[in-house]
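Chemist: Hey, dropping work_27.pdb in here, PDB, C-alpha atoms, pLDDT in the B column:
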```pdb
ATOM      1  CA  MET A  28     101.733  74.283 113.175  1.00 87.00           C
ATOM      2  CA  THR A  29      99.385  75.210 110.358  1.00 95.00           C
ATOM      3  CA  SER A  30     100.823  76.171 106.986  1.00 97.00           C
ATOM      4  CA  ILE A  31      98.909  79.124 105.499  1.00 98.00           C
ATOM      5  CA  GLY A  32      99.104  80.208 101.849  1.00 97.00           C
ATOM      6  CA  ILE A  33      98.116  83.723 100.798  1.00 98.00           C
ATOM      7  CA  VAL A  34      96.360  84.499  97.510  1.00 97.00           C
ATOM      8  CA  GLY A  35      96.788  88.186  96.778  1.00 94.00           C
ATOM      9  CA  TRP A  36     100.117  88.203  98.627  1.00 93.00           C
ATOM     10  CA  GLN A  37     101.358  91.683  97.731  1.00 90.00           C
ATOM     11  CA  GLY A  38      98.070  93.480  98.313  1.00 89.00           C
ATOM     12  CA  ARG A  39      97.424  95.475 101.468  1.00 87.00           C
ATOM     13  CA  MET A  40      95.598  92.610 103.148  1.00 90.00           C
ATOM     14  CA  GLY A  41      98.072  90.012 101.940  1.00 93.00           C
ATOM     15  CA  ARG A  42     100.954  91.856 103.561  1.00 94.00           C
ATOM     16  CA  ALA A  43      98.994  92.342 106.790  1.00 94.00           C
ATOM     17  CA  ILE A  44      98.168  88.619 106.921  1.00 96.00           C
ATOM     18  CA  GLU A  45     101.827  87.691 106.451  1.00 96.00           C
ATOM     19  CA  LEU A  46     102.769  89.909 109.411  1.00 96.00           C
ATOM     20  CA  GLU A  47     100.051  88.312 111.551  1.00 96.00           C
ATOM     21  CA  ILE A  48     101.243  84.796 110.667  1.00 97.00           C
ATOM     22  CA  GLU A  49     104.738  85.770 111.745  1.00 95.00           C
ATOM     23  CA  ARG A  50     103.469  87.448 114.922  1.00 95.00           C
ATOM     24  CA  ILE A  51     101.665  84.374 116.222  1.00 95.00           C
ATOM     25  CA  GLY A  52     104.341  81.919 115.117  1.00 94.00           C
ATOM     26  CA  GLU A  53     102.403  79.944 112.507  1.00 95.00           C
ATOM     27  CA  THR A  54     103.898  78.872 109.165  1.00 96.00           C
ATOM     28  CA  LEU A  55     103.689  80.845 105.920  1.00 96.00           C
ATOM     29  CA  ALA A  56     103.453  78.373 103.038  1.00 96.00           C
ATOM     30  CA  GLY A  57     104.073  81.231 100.621  1.00 95.00           C
ATOM     31  CA  GLY A  58     101.929  83.448  98.499  1.00 96.00           C
ATOM     32  CA  VAL A  59     100.911  84.146  94.933  1.00 94.00           C
ATOM     33  CA  ASP A  60      99.628  87.072  92.930  1.00 93.00           C
ATOM     34  CA  GLN A  61      98.270  87.204  89.387  1.00 89.00           C
ATOM     35  CA  GLY A  62     100.207  84.785  87.196  1.00 87.00           C
ATOM     36  CA  GLY A  63     101.701  82.841  90.115  1.00 89.00           C
ATOM     37  CA  ASP A  64     101.658  79.060  90.539  1.00 93.00           C
ATOM     38  CA  LEU A  65      98.545  78.706  92.691  1.00 94.00           C
ATOM     39  CA  ALA A  66      98.326  74.932  92.129  1.00 96.00           C
ATOM     40  CA  ASP A  67     101.748  74.489  93.735  1.00 96.00           C
ATOM     41  CA  LEU A  68     100.852  76.731  96.673  1.00 97.00           C
ATOM     42  CA  ALA A  69      97.539  74.911  97.230  1.00 97.00           C
ATOM     43  CA  ALA A  70      99.371  71.586  97.283  1.00 96.00           C
ATOM     44  CA  ARG A  71     101.871  72.835  99.903  1.00 96.00           C
ATOM     45  CA  ALA A  72      99.509  74.750 102.184  1.00 97.00           C
ATOM     46  CA  ASP A  73      97.184  73.379 104.856  1.00 98.00           C
ATOM     47  CA  VAL A  74      94.783  76.240 104.140  1.00 98.00           C
ATOM     48  CA  LEU A  75      94.549  79.173 101.715  1.00 98.00           C
ATOM     49  CA  VAL A  76      93.463  82.742 102.437  1.00 98.00           C
ATOM     50  CA  ASP A  77      92.189  84.614  99.372  1.00 97.00           C
ATOM     51  CA  PHE A  78      92.132  88.408  99.214  1.00 95.00           C
ATOM     52  CA  SER A  79      92.674  88.747  95.467  1.00 93.00           C
ATOM     53  CA  SER A  80      89.801  89.761  93.155  1.00 92.00           C
ATOM     54  CA  PRO A  81      86.390  88.492  92.020  1.00 94.00           C
ATOM     55  CA  ALA A  82      87.837  87.775  88.564  1.00 94.00           C
ATOM     56  CA  ALA A  83      90.319  85.341  90.101  1.00 95.00           C
ATOM     57  CA  LEU A  84      87.816  83.465  92.259  1.00 96.00           C
ATOM     58  CA  GLU A  85      86.963  80.710  89.774  1.00 96.00           C
ATOM     59  CA  GLY A  86      90.605  79.730  89.334  1.00 96.00           C
ATOM     60  CA  ASN A  87      91.299  80.003  93.052  1.00 97.00           C
ATOM     61  CA  LEU A  88      88.431  77.674  93.903  1.00 97.00           C
ATOM     62  CA  ALA A  89      89.501  75.218  91.209  1.00 97.00           C
ATOM     63  CA  ALA A  90      93.018  75.046  92.653  1.00 97.00           C
ATOM     64  CA  ALA A  91      91.680  74.561  96.181  1.00 98.00           C
ATOM     65  CA  ARG A  92      89.370  71.768  95.042  1.00 97.00           C
ATOM     66  CA  ALA A  93      92.081  70.013  93.059  1.00 97.00           C
ATOM     67  CA  ALA A  94      94.378  69.970  96.098  1.00 97.00           C
ATOM     68  CA  THR A  95      91.501  69.465  98.591  1.00 97.00           C
ATOM     69  CA  THR A  96      92.824  72.484 100.478  1.00 98.00           C
ATOM     70  CA  PRO A  97      90.414  74.561 102.604  1.00 98.00           C
ATOM     71  CA  ILE A  98      90.110  78.189 101.546  1.00 98.00           C
ATOM     72  CA  VAL A  99      89.074  81.388 103.325  1.00 98.00           C
ATOM     73  CA  ILE A 100      87.588  83.917 100.884  1.00 97.00           C
ATOM     74  CA  GLY A 101      87.685  87.538 102.023  1.00 94.00           C
ATOM     75  CA  THR A 102      87.389  89.042  98.535  1.00 91.00           C
ATOM     76  CA  THR A 103      84.440  91.437  98.225  1.00 85.00           C
ATOM     77  CA  GLY A 104      82.358  92.517  95.232  1.00 84.00           C
ATOM     78  CA  LEU A 105      81.108  88.976  94.572  1.00 89.00           C
ATOM     79  CA  SER A 106      78.069  88.320  92.374  1.00 90.00           C
ATOM     80  CA  ASP A 107      75.408  85.606  92.542  1.00 91.00           C
ATOM     81  CA  ARG A 108      77.513  83.675  90.024  1.00 96.00           C
ATOM     82  CA  HIS A 109      80.496  83.767  92.381  1.00 96.00           C
ATOM     83  CA  HIS A 110      78.382  82.539  95.279  1.00 95.00           C
ATOM     84  CA  ALA A 111      77.146  79.647  93.133  1.00 97.00           C
ATOM     85  CA  MET A 112      80.808  78.729  92.488  1.00 97.00           C
ATOM     86  CA  ILE A 113      81.489  78.785  96.219  1.00 98.00           C
ATOM     87  CA  ASP A 114      78.487  76.544  96.894  1.00 98.00           C
ATOM     88  CA  ALA A 115      79.767  74.053  94.325  1.00 97.00           C
ATOM     89  CA  ALA A 116      83.317  74.069  95.722  1.00 98.00           C
ATOM     90  CA  ALA A 117      82.028  73.581  99.265  1.00 98.00           C
ATOM     91  CA  ALA A 118      80.824  70.127  98.270  1.00 97.00           C
ATOM     92  CA  ASP A 119      84.473  69.066  98.050  1.00 97.00           C
ATOM     93  CA  VAL A 120      86.440  71.327 100.401  1.00 98.00           C
ATOM     94  CA  ALA A 121      85.887  73.550 103.418  1.00 98.00           C
ATOM     95  CA  VAL A 122      85.180  77.121 102.273  1.00 98.00           C
ATOM     96  CA  LEU A 123      84.695  80.091 104.584  1.00 98.00           C
ATOM     97  CA  GLN A 124      83.391  83.142 102.752  1.00 96.00           C
ATOM     98  CA  THR A 125      82.825  86.474 104.431  1.00 93.00           C
ATOM     99  CA  GLY A 126      82.526  90.127 103.506  1.00 84.00           C
ATOM    100  CA  ASN A 127      84.635  91.002 106.544  1.00 89.00           C
ATOM    101  CA  THR A 128      87.064  88.938 108.631  1.00 93.00           C
ATOM    102  CA  SER A 129      86.741  91.167 111.717  1.00 93.00           C
ATOM    103  CA  LEU A 130      85.494  89.258 114.749  1.00 92.00           C
ATOM    104  CA  GLY A 131      83.749  92.458 115.848  1.00 94.00           C
ATOM    105  CA  ILE A 132      81.816  92.622 112.572  1.00 94.00           C
ATOM    106  CA  ALA A 133      80.863  88.959 112.946  1.00 92.00           C
ATOM    107  CA  LEU A 134      79.366  89.722 116.341  1.00 94.00           C
ATOM    108  CA  LEU A 135      77.712  92.908 115.003  1.00 96.00           C
ATOM    109  CA  SER A 136      75.989  90.828 112.327  1.00 95.00           C
ATOM    110  CA  ARG A 137      74.500  88.634 115.021  1.00 94.00           C
ATOM    111  CA  LEU A 138      73.280  91.687 116.940  1.00 96.00           C
ATOM    112  CA  VAL A 139      71.731  93.187 113.782  1.00 98.00           C
ATOM    113  CA  ARG A 140      69.926  89.953 112.962  1.00 97.00           C
ATOM    114  CA  ASP A 141      68.537  89.690 116.476  1.00 97.00           C
ATOM    115  CA  ALA A 142      67.521  93.362 116.611  1.00 98.00           C
ATOM    116  CA  ALA A 143      65.693  93.137 113.269  1.00 98.00           C
ATOM    117  CA  ARG A 144      63.865  89.992 114.386  1.00 98.00           C
ATOM    118  CA  ARG A 145      62.782  91.517 117.682  1.00 98.00           C
ATOM    119  CA  LEU A 146      61.878  94.995 116.390  1.00 98.00           C
ATOM    120  CA  GLY A 147      60.146  93.856 113.210  1.00 96.00           C
ATOM    121  CA  PRO A 148      59.248  95.755 110.013  1.00 94.00           C
ATOM    122  CA  ASP A 149      57.771  98.742 111.863  1.00 95.00           C
ATOM    123  CA  TRP A 150      61.352  99.949 112.424  1.00 98.00           C
ATOM    124  CA  ASP A 151      63.155 101.360 109.383  1.00 98.00           C
ATOM    125  CA  ILE A 152      66.650  99.983 108.775  1.00 98.00           C
ATOM    126  CA  GLU A 153      69.400 102.022 107.125  1.00 98.00           C
ATOM    127  CA  ILE A 154      73.047 100.998 106.681  1.00 98.00           C
ATOM    128  CA  VAL A 155      75.748 103.637 106.220  1.00 98.00           C
ATOM    129  CA  GLU A 156      79.323 102.677 105.313  1.00 97.00           C
ATOM    130  CA  SER A 157      82.458 104.801 104.828  1.00 97.00           C
ATOM    131  CA  HIS A 158      85.700 103.745 103.139  1.00 96.00           C
ATOM    132  CA  HIS A 159      88.860 105.206 101.639  1.00 95.00           C
ATOM    133  CA  ARG A 160      88.846 106.871  98.243  1.00 96.00           C
ATOM    134  CA  LEU A 161      90.450 103.865  96.491  1.00 92.00           C
ATOM    135  CA  LYS A 162      87.737 101.310  97.297  1.00 92.00           C
ATOM    136  CA  VAL A 163      86.166 100.148  94.035  1.00 89.00           C
ATOM    137  CA  ASP A 164      82.921  98.435  95.112  1.00 89.00           C
ATOM    138  CA  ALA A 165      79.833  99.919  96.758  1.00 93.00           C
ATOM    139  CA  PRO A 166      78.057  99.110  98.966  1.00 94.00           C
ATOM    140  CA  SER A 167      80.903  97.375 100.738  1.00 92.00           C
ATOM    141  CA  GLY A 168      80.829  93.621 101.210  1.00 87.00           C
ATOM    142  CA  THR A 169      80.481  94.257 104.929  1.00 91.00           C
ATOM    143  CA  ALA A 170      77.456  96.514 104.434  1.00 95.00           C
ATOM    144  CA  LEU A 171      75.800  93.844 102.299  1.00 93.00           C
ATOM    145  CA  MET A 172      76.612  91.239 104.942  1.00 91.00           C
ATOM    146  CA  LEU A 173      74.949  93.404 107.594  1.00 96.00           C
ATOM    147  CA  GLY A 174      72.007  93.992 105.280  1.00 97.00           C
ATOM    148  CA  ASP A 175      71.653  90.265 104.750  1.00 95.00           C
ATOM    149  CA  ALA A 176      71.675  89.756 108.525  1.00 96.00           C
ATOM    150  CA  ALA A 177      68.900  92.345 108.890  1.00 98.00           C
ATOM    151  CA  ALA A 178      66.889  90.701 106.119  1.00 98.00           C
ATOM    152  CA  GLN A 179      67.216  87.311 107.803  1.00 97.00           C
ATOM    153  CA  GLY A 180      65.940  88.845 111.019  1.00 97.00           C
ATOM    154  CA  LEU A 181      62.924  90.211 109.160  1.00 97.00           C
ATOM    155  CA  GLY A 182      62.278  86.864 107.474  1.00 97.00           C
ATOM    156  CA  THR A 183      62.998  88.163 103.980  1.00 97.00           C
ATOM    157  CA  THR A 184      65.929  88.372 101.559  1.00 96.00           C
ATOM    158  CA  LEU A 185      68.168  91.294 100.735  1.00 95.00           C
ATOM    159  CA  SER A 186      67.365  90.950  97.031  1.00 93.00           C
ATOM    160  CA  ASP A 187      63.703  91.584  97.874  1.00 95.00           C
ATOM    161  CA  SER A 188      64.139  94.292 100.513  1.00 96.00           C
ATOM    162  CA  GLY A 189      67.411  96.112  99.753  1.00 96.00           C
ATOM    163  CA  VAL A 190      67.447  99.677  98.404  1.00 96.00           C
ATOM    164  CA  ILE A 191      70.906 100.687  97.212  1.00 93.00           C
ATOM    165  CA  GLY A 192      71.176 104.445  96.820  1.00 87.00           C
ATOM    166  CA  ARG A 193      68.473 107.042  96.322  1.00 89.00           C
ATOM    167  CA  ALA A 194      68.334 109.969  93.909  1.00 90.00           C
ATOM    168  CA  GLY A 195      65.589 112.235  92.655  1.00 94.00           C
ATOM    169  CA  LEU A 196      61.907 112.069  93.549  1.00 93.00           C
ATOM    170  CA  VAL A 197      61.859 108.533  94.872  1.00 91.00           C
ATOM    171  CA  GLY A 198      58.755 108.950  97.007  1.00 94.00           C
ATOM    172  CA  ALA A 199      58.189 107.971 100.621  1.00 95.00           C
ATOM    173  CA  ARG A 200      60.257 105.195 102.130  1.00 94.00           C
ATOM    174  CA  ALA A 201      58.643 101.789 101.612  1.00 93.00           C
ATOM    175  CA  ALA A 202      57.979  99.803 104.786  1.00 92.00           C
ATOM    176  CA  GLY A 203      60.173  96.777 105.366  1.00 94.00           C
ATOM    177  CA  THR A 204      63.020  97.956 103.130  1.00 97.00           C
ATOM    178  CA  ILE A 205      66.716  98.084 104.055  1.00 98.00           C
ATOM    179  CA  GLY A 206      68.505 101.168 102.751  1.00 98.00           C
ATOM    180  CA  PHE A 207      72.192 101.649 101.964  1.00 98.00           C
ATOM    181  CA  ALA A 208      74.398 104.721 101.715  1.00 97.00           C
ATOM    182  CA  SER A 209      78.083 104.657 100.742  1.00 97.00           C
ATOM    183  CA  LEU A 210      80.669 107.333 101.559  1.00 97.00           C
ATOM    184  CA  ARG A 211      84.129 107.413  99.958  1.00 97.00           C
ATOM    185  CA  GLY A 212      87.045 109.638 100.882  1.00 97.00           C
ATOM    186  CA  GLY A 213      90.444 110.006 102.444  1.00 97.00           C
ATOM    187  CA  THR A 214      92.032 106.999 104.101  1.00 95.00           C
ATOM    188  CA  VAL A 215      89.064 105.618 106.063  1.00 95.00           C
ATOM    189  CA  VAL A 216      89.730 101.909 106.671  1.00 92.00           C
ATOM    190  CA  GLY A 217      86.089 101.055 107.235  1.00 93.00           C
ATOM    191  CA  ASP A 218      83.169 102.421 109.287  1.00 96.00           C
ATOM    192  CA  HIS A 219      79.756 100.736 109.356  1.00 97.00           C
ATOM    193  CA  GLN A 220      76.588 101.865 111.092  1.00 98.00           C
ATOM    194  CA  VAL A 221      73.194 100.167 111.165  1.00 98.00           C
ATOM    195  CA  VAL A 222      70.364 102.487 112.151  1.00 98.00           C
ATOM    196  CA  PHE A 223      67.014 101.172 113.394  1.00 98.00           C
ATOM    197  CA  ALA A 224      64.587 104.115 113.306  1.00 98.00           C
ATOM    198  CA  GLY A 225      61.258 103.803 115.090  1.00 97.00           C
ATOM    199  CA  GLU A 226      58.582 106.274 116.107  1.00 96.00           C
ATOM    200  CA  GLY A 227      60.415 108.900 118.173  1.00 97.00           C
ATOM    201  CA  GLU A 228      63.536 106.806 118.826  1.00 98.00           C
ATOM    202  CA  ARG A 229      66.577 105.308 117.111  1.00 98.00           C
ATOM    203  CA  ILE A 230      68.958 102.460 117.848  1.00 98.00           C
ATOM    204  CA  GLU A 231      72.403 102.639 116.251  1.00 98.00           C
ATOM    205  CA  LEU A 232      74.749  99.663 116.080  1.00 98.00           C
ATOM    206  CA  GLY A 233      78.173 100.265 114.597  1.00 98.00           C
ATOM    207  CA  HIS A 234      81.782  99.266 114.107  1.00 97.00           C
ATOM    208  CA  ARG A 235      84.878 101.327 113.289  1.00 96.00           C
ATOM    209  CA  ALA A 236      88.075  99.818 111.937  1.00 93.00           C
ATOM    210  CA  ASP A 237      91.220 101.724 112.899  1.00 90.00           C
ATOM    211  CA  GLY A 238      93.638  99.614 110.853  1.00 85.00           C
ATOM    212  CA  ARG A 239      93.946  96.504 108.705  1.00 84.00           C
ATOM    213  CA  ALA A 240      95.655  94.455 111.417  1.00 91.00           C
ATOM    214  CA  LEU A 241      92.275  93.556 112.925  1.00 93.00           C
ATOM    215  CA  PHE A 242      91.120  92.041 109.607  1.00 93.00           C
ATOM    216  CA  ALA A 243      94.370  90.096 109.348  1.00 95.00           C
ATOM    217  CA  ARG A 244      93.909  88.739 112.875  1.00 95.00           C
ATOM    218  CA  GLY A 245      90.410  87.558 112.023  1.00 96.00           C
ATOM    219  CA  ALA A 246      91.497  86.069 108.687  1.00 97.00           C
ATOM    220  CA  VAL A 247      94.300  84.063 110.284  1.00 97.00           C
ATOM    221  CA  ARG A 248      92.040  82.901 113.098  1.00 96.00           C
ATOM    222  CA  ALA A 249      89.493  81.812 110.474  1.00 97.00           C
ATOM    223  CA  ALA A 250      92.205  79.969 108.535  1.00 98.00           C
ATOM    224  CA  LEU A 251      93.397  78.119 111.633  1.00 97.00           C
ATOM    225  CA  TRP A 252      89.817  77.070 112.405  1.00 97.00           C
ATOM    226  CA  LEU A 253      89.030  76.083 108.814  1.00 98.00           C
ATOM    227  CA  ALA A 254      92.185  73.982 108.329  1.00 97.00           C
ATOM    228  CA  SER A 255      90.640  71.038 110.198  1.00 95.00           C
ATOM    229  CA  ALA A 256      87.000  71.543 109.180  1.00 97.00           C
ATOM    230  CA  PRO A 257      85.153  69.075 106.940  1.00 97.00           C
ATOM    231  CA  ALA A 258      83.950  70.067 103.494  1.00 98.00           C
ATOM    232  CA  GLY A 259      81.178  72.650 103.604  1.00 98.00           C
ATOM    233  CA  ARG A 260      80.436  76.353 103.444  1.00 98.00           C
ATOM    234  CA  TYR A 261      81.102  78.393 106.581  1.00 97.00           C
ATOM    235  CA  THR A 262      80.952  81.962 107.865  1.00 94.00           C
ATOM    236  CA  MET A 263      82.726  83.806 110.679  1.00 93.00           C
ATOM    237  CA  ASP A 264      79.914  82.659 112.987  1.00 90.00           C
ATOM    238  CA  ALA A 265      81.547  79.225 113.011  1.00 93.00           C
ATOM    239  CA  VAL A 266      84.873  80.759 114.065  1.00 93.00           C
ATOM    240  CA  LEU A 267      83.151  82.563 116.943  1.00 88.00           C
ATOM    241  CA  GLY A 268      81.286  79.390 117.856  1.00 84.00           C
ATOM    242  CA  VAL A 269      77.863  81.031 117.605  1.00 76.00           C
TER     243      VAL A 269
END
```
Spit out the file's structure as structure tokens when you get a sec.
Modeler:
Amino acid sequence: MTSIGIVGWQGRMGRAIELEIERIGETLAGGVDQGGDLADLAARADVLVDFSSPAALEGNLAAARAATTPIVIGTTGLSDRHHAMIDAAAADVAVLQTGNTSLGIALLSRLVRDAARRLGPDWDIEIVESHHRLKVDAPSGTALMLGDAAAQGLGTTLSDSGVIGRAGLVGARAAGTIGFASLRGGTVVGDHQVVFAGEGERIELGHRADGRALFARGAVRAALWLASAPAGRYTMDAVLGV
């Protein structure tokens, strides 16, 4: 039995993860929200799952390192500074960071990377994502993850090739760029579509999330895998074994 601690316990994802832990018969070590005793939870848990906020990441990583407890980070809206913190923590503990814990999205990322590599820069790449009206970050962490996969396939980086939003007279589309569009409204859990547009043809790869249970399933599966992993930085690819 693996004891799993939840950071961001009373959030939507935290509650879904608790239900998934109960469903599969694993052990809930407990959970914390802002102001809770994370050090105690980290000491009791075999692995932590963090769906709190970017502002809390530094403290969450510090607690995981102090207790040498692996941590899955599903929080989105992370900056370069946050990723540098994760890299530093991964020297001491196992850290799995992802913009989306869906196993389907993990596989989609692989498909996007391979498609971009095989099609090359002659095909335009656009990423469209839709979420509920309450989502605070844009593009979504998942869209950025898919964009990063496309950039890797093209042999570039998203910071060099990404175009986030367009307005006004922006001119013709630059070759080799990766565009993003974000839609917000209603109660959409999460839709992502990657469009490869060539001369006279298009390829569309996509994923639709119909509920949060699928993210909870992936997060718990990632936690169970990470609990016995050595120190290092991992992605959902490792969970899929690809």
Chemist: Counting all atoms listed in the file, which residues come within 9 Å of (72.1, 104.1, 106.7), with the point read in the file's coordinates, and could you list them as a list in words?
Modeler: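 Checked against the point, the hits come out as Ile152, Glu153, Ile154, Val155, Glu156, Ile205, Gly206, Phe207, Ala208, Ser209, His219, Gln220, Val221, Val222 and Phe223 of chain A.
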Chemist: Save out the residues we just selected, C-alpha atoms, as an mmCIF file, in the frame of the given file.
Modeler:
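Generated file (out12.cif):
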```cif
data_model
loop_
_atom_site.group_PDB
_atom_site.id
_atom_site.type_symbol
_atom_site.label_atom_id
_atom_site.label_comp_id
_atom_site.auth_asym_id
_atom_site.auth_seq_id
_atom_site.Cartn_x
_atom_site.Cartn_y
_atom_site.Cartn_z
ATOM 1 C CA ILE A 152 66.650 99.983 108.775
ATOM 2 C CA GLU A 153 69.400 102.022 107.125
ATOM 3 C CA ILE A 154 73.047 100.998 106.681
ATOM 4 C CA VAL A 155 75.748 103.637 106.220
ATOM 5 C CA GLU A 156 79.323 102.677 105.313
ATOM 6 C CA ILE A 205 66.716 98.084 104.055
ATOM 7 C CA GLY A 206 68.505 101.168 102.751
ATOM 8 C CA PHE A 207 72.192 101.649 101.964
ATOM 9 C CA ALA A 208 74.398 104.721 101.715
ATOM 10 C CA SER A 209 78.083 104.657 100.742
ATOM 11 C CA HIS A 219 79.756 100.736 109.356
ATOM 12 C CA GLN A 220 76.588 101.865 111.092
ATOM 13 C CA VAL A 221 73.194 100.167 111.165
ATOM 14 C CA VAL A 222 70.364 102.487 112.151
ATOM 15 C CA PHE A 223 67.014 101.172 113.394
#
```
Chemist: Can you pull out every residue within 12 Å of segment 92-96 of chain A, counting only C-alpha atoms, but drop anything in the same chain fewer than 4 positions away, and send it as a PyMOL selection string?
Modeler: chain A and resi 30-32+65-76+85-88+112-113+115-123+250+253-259
Chemist: Residues at most 9 Å from His158 of chain A, counting only C-alpha atoms, excluding those fewer than 5 positions away in the same chain, as a PyMOL selection string?
Modeler: chain A and resi 167+209-218
Chemist: To test the calculation: enclose all listed atoms of segment 79-96 of chain A in a box whose edges run along x, y and z, add 8 Å on each side, then state centre and edge lengths in Å to one decimal, as AutoDock Vina command-line options.
Modeler:
```
--center_x 90.4 --center_y 79.6 --center_z 94.5 --size_x 24.0 --size_y 36.3 --size_z 27.9
```
Chemist: For the file shown, what are the residues hit by the PyMOL selection byres ((chain A and resi 41-43) around 10), laid out as number ranges by chain?
Modeler: A: 32-40, 44-48, 58-60, 76-79, 238-244, 246
Chemist: Store the residues of this selection in a file with C-alpha atoms, as a compact mmCIF listing (two decimals), keeping the file's coordinate frame.
Modeler:
```txt
# COMPACT_ATOMS: atom_id res chain seq x y z
CA GLY A 32 99.10 80.21 101.85
CA ILE A 33 98.12 83.72 100.80
CA VAL A 34 96.36 84.50 97.51
CA GLY A 35 96.79 88.19 96.78
CA TRP A 36 100.12 88.20 98.63
CA GLN A 37 101.36 91.68 97.73
CA GLY A 38 98.07 93.48 98.31
CA ARG A 39 97.42 95.48 101.47
CA MET A 40 95.60 92.61 103.15
CA ILE A 44 98.17 88.62 106.92
CA GLU A 45 101.83 87.69 106.45
CA LEU A 46 102.77 89.91 109.41
CA GLU A 47 100.05 88.31 111.55
CA ILE A 48 101.24 84.80 110.67
CA GLY A 58 101.93 83.45 98.50
CA VAL A 59 100.91 84.15 94.93
CA ASP A 60 99.63 87.07 92.93
CA VAL A 76 93.46 82.74 102.44
CA ASP A 77 92.19 84.61 99.37
CA PHE A 78 92.13 88.41 99.21
CA SER A 79 92.67 88.75 95.47
CA GLY A 238 93.64 99.61 110.85
CA ARG A 239 93.95 96.50 108.70
CA ALA A 240 95.66 94.46 111.42
CA LEU A 241 92.28 93.56 112.92
CA PHE A 242 91.12 92.04 109.61
CA ALA A 243 94.37 90.10 109.35
CA ARG A 244 93.91 88.74 112.88
CA ALA A 246 91.50 86.07 108.69
```
Chemist: Expand the PyMOL selection byres ((chain A and resi 226) around 10) into the explicit residue set it covers here, and present it as a list of chain:residue names.
Modeler: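 Evaluating the PyMOL selection byres ((chain A and resi 226) around 10) on these coordinates yields A:Asp149, A:Trp150, A:Asp151, A:Ala224, A:Gly225, A:Gly227, A:Glu228, A:Arg229.
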Chemist: Considering all atoms listed in the file, can you say which of A:Val163, A:Arg144, A:Leu181, A:Ser186 comes closest to Asp107 of chain A?
Modeler: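 Looking at the shortest contact to Asp107 of chain A, the residue is A:Ser186.
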Chemist: For Gly174 of chain A, which residue among A:Ala143, A:Val269, A:Ala202, A:Ala194 is the nearest when counting all atoms listed in the file?
Modeler: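 Checking each of A:Ala143, A:Val269, A:Ala202, A:Ala194 against Gly174 of chain A, counting all atoms listed in the file, the winner is A:Ala143.
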Chemist: Hey, which of A:Val266, A:Leu105, A:Leu135, A:Ala177 ends up closest to Gly147 of chain A? Count only C-alpha atoms.
Modeler: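 Result for the nearest residue to Gly147 of chain A: A:Ala177.
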Chemist: What is the atom CA of Thr204 of chain A-atom CA of Arg145 of chain A distance in Å, reported with one decimal?
Modeler: 15.9 Å
Chemist: Could you please determine the separation between atom CA of Pro166 of chain A and atom CA of Ala178 of chain A in Å, to one decimal place?
Modeler: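 Result for atom CA of Pro166 of chain A versus atom CA of Ala178 of chain A: 15.7 Å, one decimal.
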Chemist: Could you check how far atom CA of His234 of chain A sits from atom CA of Leu173 of chain A, in Å to one decimal?
Modeler: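 Rounded to one decimal, the two atoms are 11.1 Å apart.
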Chemist: Have a look at A:Glu231, A:Glu53, A:Asp164, A:Asp237 and name the one nearest to Leu251 of chain A; count all atoms listed in the file.
Modeler: A:Glu53
Chemist: So, counting only C-alpha atoms, which residue among A:Gly63, A:Gly57, A:Gly268, A:Gly168 is closest to Ile100 of chain A?
Modeler: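 Of A:Gly63, A:Gly57, A:Gly268, A:Gly168, the one nearest Ile100 of chain A, counting only C-alpha atoms, is A:Gly168.
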Chemist: Considering all atoms listed in the file, state which residue in the set A:Ser136, A:Thr183, A:Ser188, A:Thr102 is at the smallest distance from Gln124 of chain A.
Modeler: A:Thr102
Chemist: Up to 6 Å from (88.9, 91.7, 105.6) in the file's coordinates: name the residues, counting all atoms listed in the file, as a list in words.
Modeler: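 Every polymer residue passing the test: Gly101, Asn127, Thr128 and Phe242 of chain A.
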